[in-house]
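Reading through the structure tokens given below for one structure.
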Amino acid sequence: MAGGGGADRAGAGGLLRAGPGPGGRLPPALRQPRRRESRERLSVCSKLCYAVGGAPYQITGCALGFFLQIYLLDVAQVDAFYASIILFAGRVWDAITDPMVGFFISKTPWTRFGRLMPWIMISTPFAIISYILIWFVPDISTGQVMWYLVFYCAFQTLVTCFHVPYSALTMFISREQSERDSATAYRMTVEVLGTVLGTAIQGQIVGKVDTPCIQSPFFFSLTNSSVAMEELNMTHDTESLTDTRNAYMIAAGVIVGLYVLCALILVLGVKERRESSEQSDEPVSFLQGLKLVMNHGPYIKLIAGFLFTSLAFMLLEGNFALFCTYTLGFRNEFQNILLAIMLSATLTIPLWQWFLTRFGKKRAVYVGISSAIPFLITVVLVDSNLFVTYVVAVAAGISVAAAFLLPWSMLPDVVDDFKLQHPSSHGHEAIFFSFYVFFTKFTAGVSLGISTLSLDFAGYQTRGCSQPDQVNFTLKMLVSAVPVGLILLSLLLFKLYPIDEEKRRKNKKALQDLREESNSSSESDSTELASIV
């Protein structure tokens with residue numbers, strides 16, 4: 001895929017060599033490549049290379065999300081209180097780093113590799129080192145908590161330095177909305193597939209060692225929970241724990257191998273294009289850029305809607321395994337049920353891409369996100385039934401696919417609308433994407449806090465083979481009633497979102513006119529320079 005900056009330089013060099021034509025205008029032979037460049041389309045190979053870049057974030061995030069808590073408690077044997085500090089602090093720091101990285105990216109000057117690609121290339125080797133050290137148990141008596149806290153926060157920072165510029169790269173792979181939407185669909189398909197890989201790799205490798213549940217109520221009545229932990233640890237020999245630690249390290253090695261492979265494919269297969277209207281690399285004031293972005297009405301309404309949508313699906317994601325294990329009684333099936341959700345989401349991404357192209361993005365939001373509501377209600381009203389649970393899982397995956405695809409497909413439309421309202425302001429793309437990621441991760445922290453506190457108040461029994469009725473009722477609320485209410489609220493907010501298909505078409509035409517005007521002005525300046533030479 002040709003880069004815009006290189007074409008501009010070549011055109012300018014040819015102009016100085018050949019000189020202007022009659023009447024001070026460029027010869028048609030010199031103007032024709034610019035027209036062809038403006039009509040350039042992304043190849044399938046370029047879209048695939050771009051899409052593969054989204055896999056590392058999802059693979060590592062899924063592995064950490066499902067297994068880090070169990071690893072800290074059962075393998076690293078970190079006290080539960082300190083484990084909660086590590087997890088919460090890591091999520092908070094992860095959310096904070098997104099706008100910080102977005103700000104620094106907006107101040108980054110253009111290089112021959114682009115503005116965003118250097119961040120991806122430099123962060124990758126340090127990210128894989130910190131990720132491996134997260135899954136390593138240090139042979140130290142003190143400082144173990146700081147070890148995991150430091151490397152967990154370090155990895156979250158480094159993966160943010162990868163993912164934020166990658167997200168903003170959507171605006172720089174093509175000037176065509178349809179091409180960006182198509183590339184986004186490829187990306188979402190690969191990212192959802194990444195969640196499948198993260199679950200499958202980590203689960204298959206470390207899932208061979210089972211942690212037995214506590215059947216005797218004697219353990220629940222102990223006033224000192226550490227005594228129960230010691231009694232339980234006595235049932236595991238050292239060799240079994242060593243095998244478990246080795247399994248986690250092997251899984252980490254496989255995942256970082258995929259991380260490096262995907263990063264290489266992205267860097268080598270995608271060329272970052274420079275916007276023709278972006279002529280200067282002047283640093284952007286963070287406060288000024290933030291004020292402009294946060295005062296843009298369509299952006300606020302869009303992230304507000306997806307804020308509640310994300311909270312709904314993260315509550316479902318975070319509690320569905322517990323719901324299947326304890327409320328439905330499918331202790332040995334929950335991994336397969338989660339896999340069914342992810343596979344369903346992966347296979348239906350192309351369906352939603354076709355739907356939003358055919359019927360519009362706002363309609364896709366209403367249909368896609370609301371389609372989960374009847375199934376979320378069914379799974380808690382119908383008695384425990386494995387077949388019904390799998391049907392609900394497949395249906396939930398269809399809605400998850402829409403929730404994955406639509407935000408990243410609609411954010412570029414908001415950025416285009418912003419460019420039309422602020423044509424002289426450049427370099428804010430990373431701020432748009434980084435603050436959306438910030439709010440998404442913030443909702444993840446909120447959902448984690450809500451789930452943990454609710455289950456704690458209900459009397460959740462750690463490692464119990466069964467749970468009290470209050471816990472089962474709470475799990476039903478967390479996977480059904482609360483997500484349904486949040487989805488309904490998000491749909492009301494999306495009603496206020498002003499960019500429909502007609503508005504998108506008008507913005508697309510206005511941006512094309514703006515670029516043609518900018519190119520025409522650039523041609524005039526180059527012609528005058530050539531005349532002087």
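If you're wondering about the labels, chains in the structure tokens are A, B, ... by order shown, residues count from 1 in each chain, ligands from 1 in order shown.
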Using DSSP on the backbone coordinates, identify all residues within region 327-516 of chain A classified as helix (DSSP H, G or I); present the result as a PyMOL selection string.
chain A and resi 327+334-359+361-370+373-381+386-421+429-458+469-494+501-516
note - CA of Tyr390 (chain A) and CA of Ile337 (chain A) are separated by 6.3 Å
I'd like to know which of A:Ala168, A:Val379, A:Ile96, A:Val52 is closest to Tyr259 (chain A), using only C-alpha atoms.
A:Val52
Find, counting only C-alpha atoms, the residue in A:Val192, A:Ile205, A:Leu322, A:Ile300 that gets nearest to Leu475 (chain A).
A:Leu322
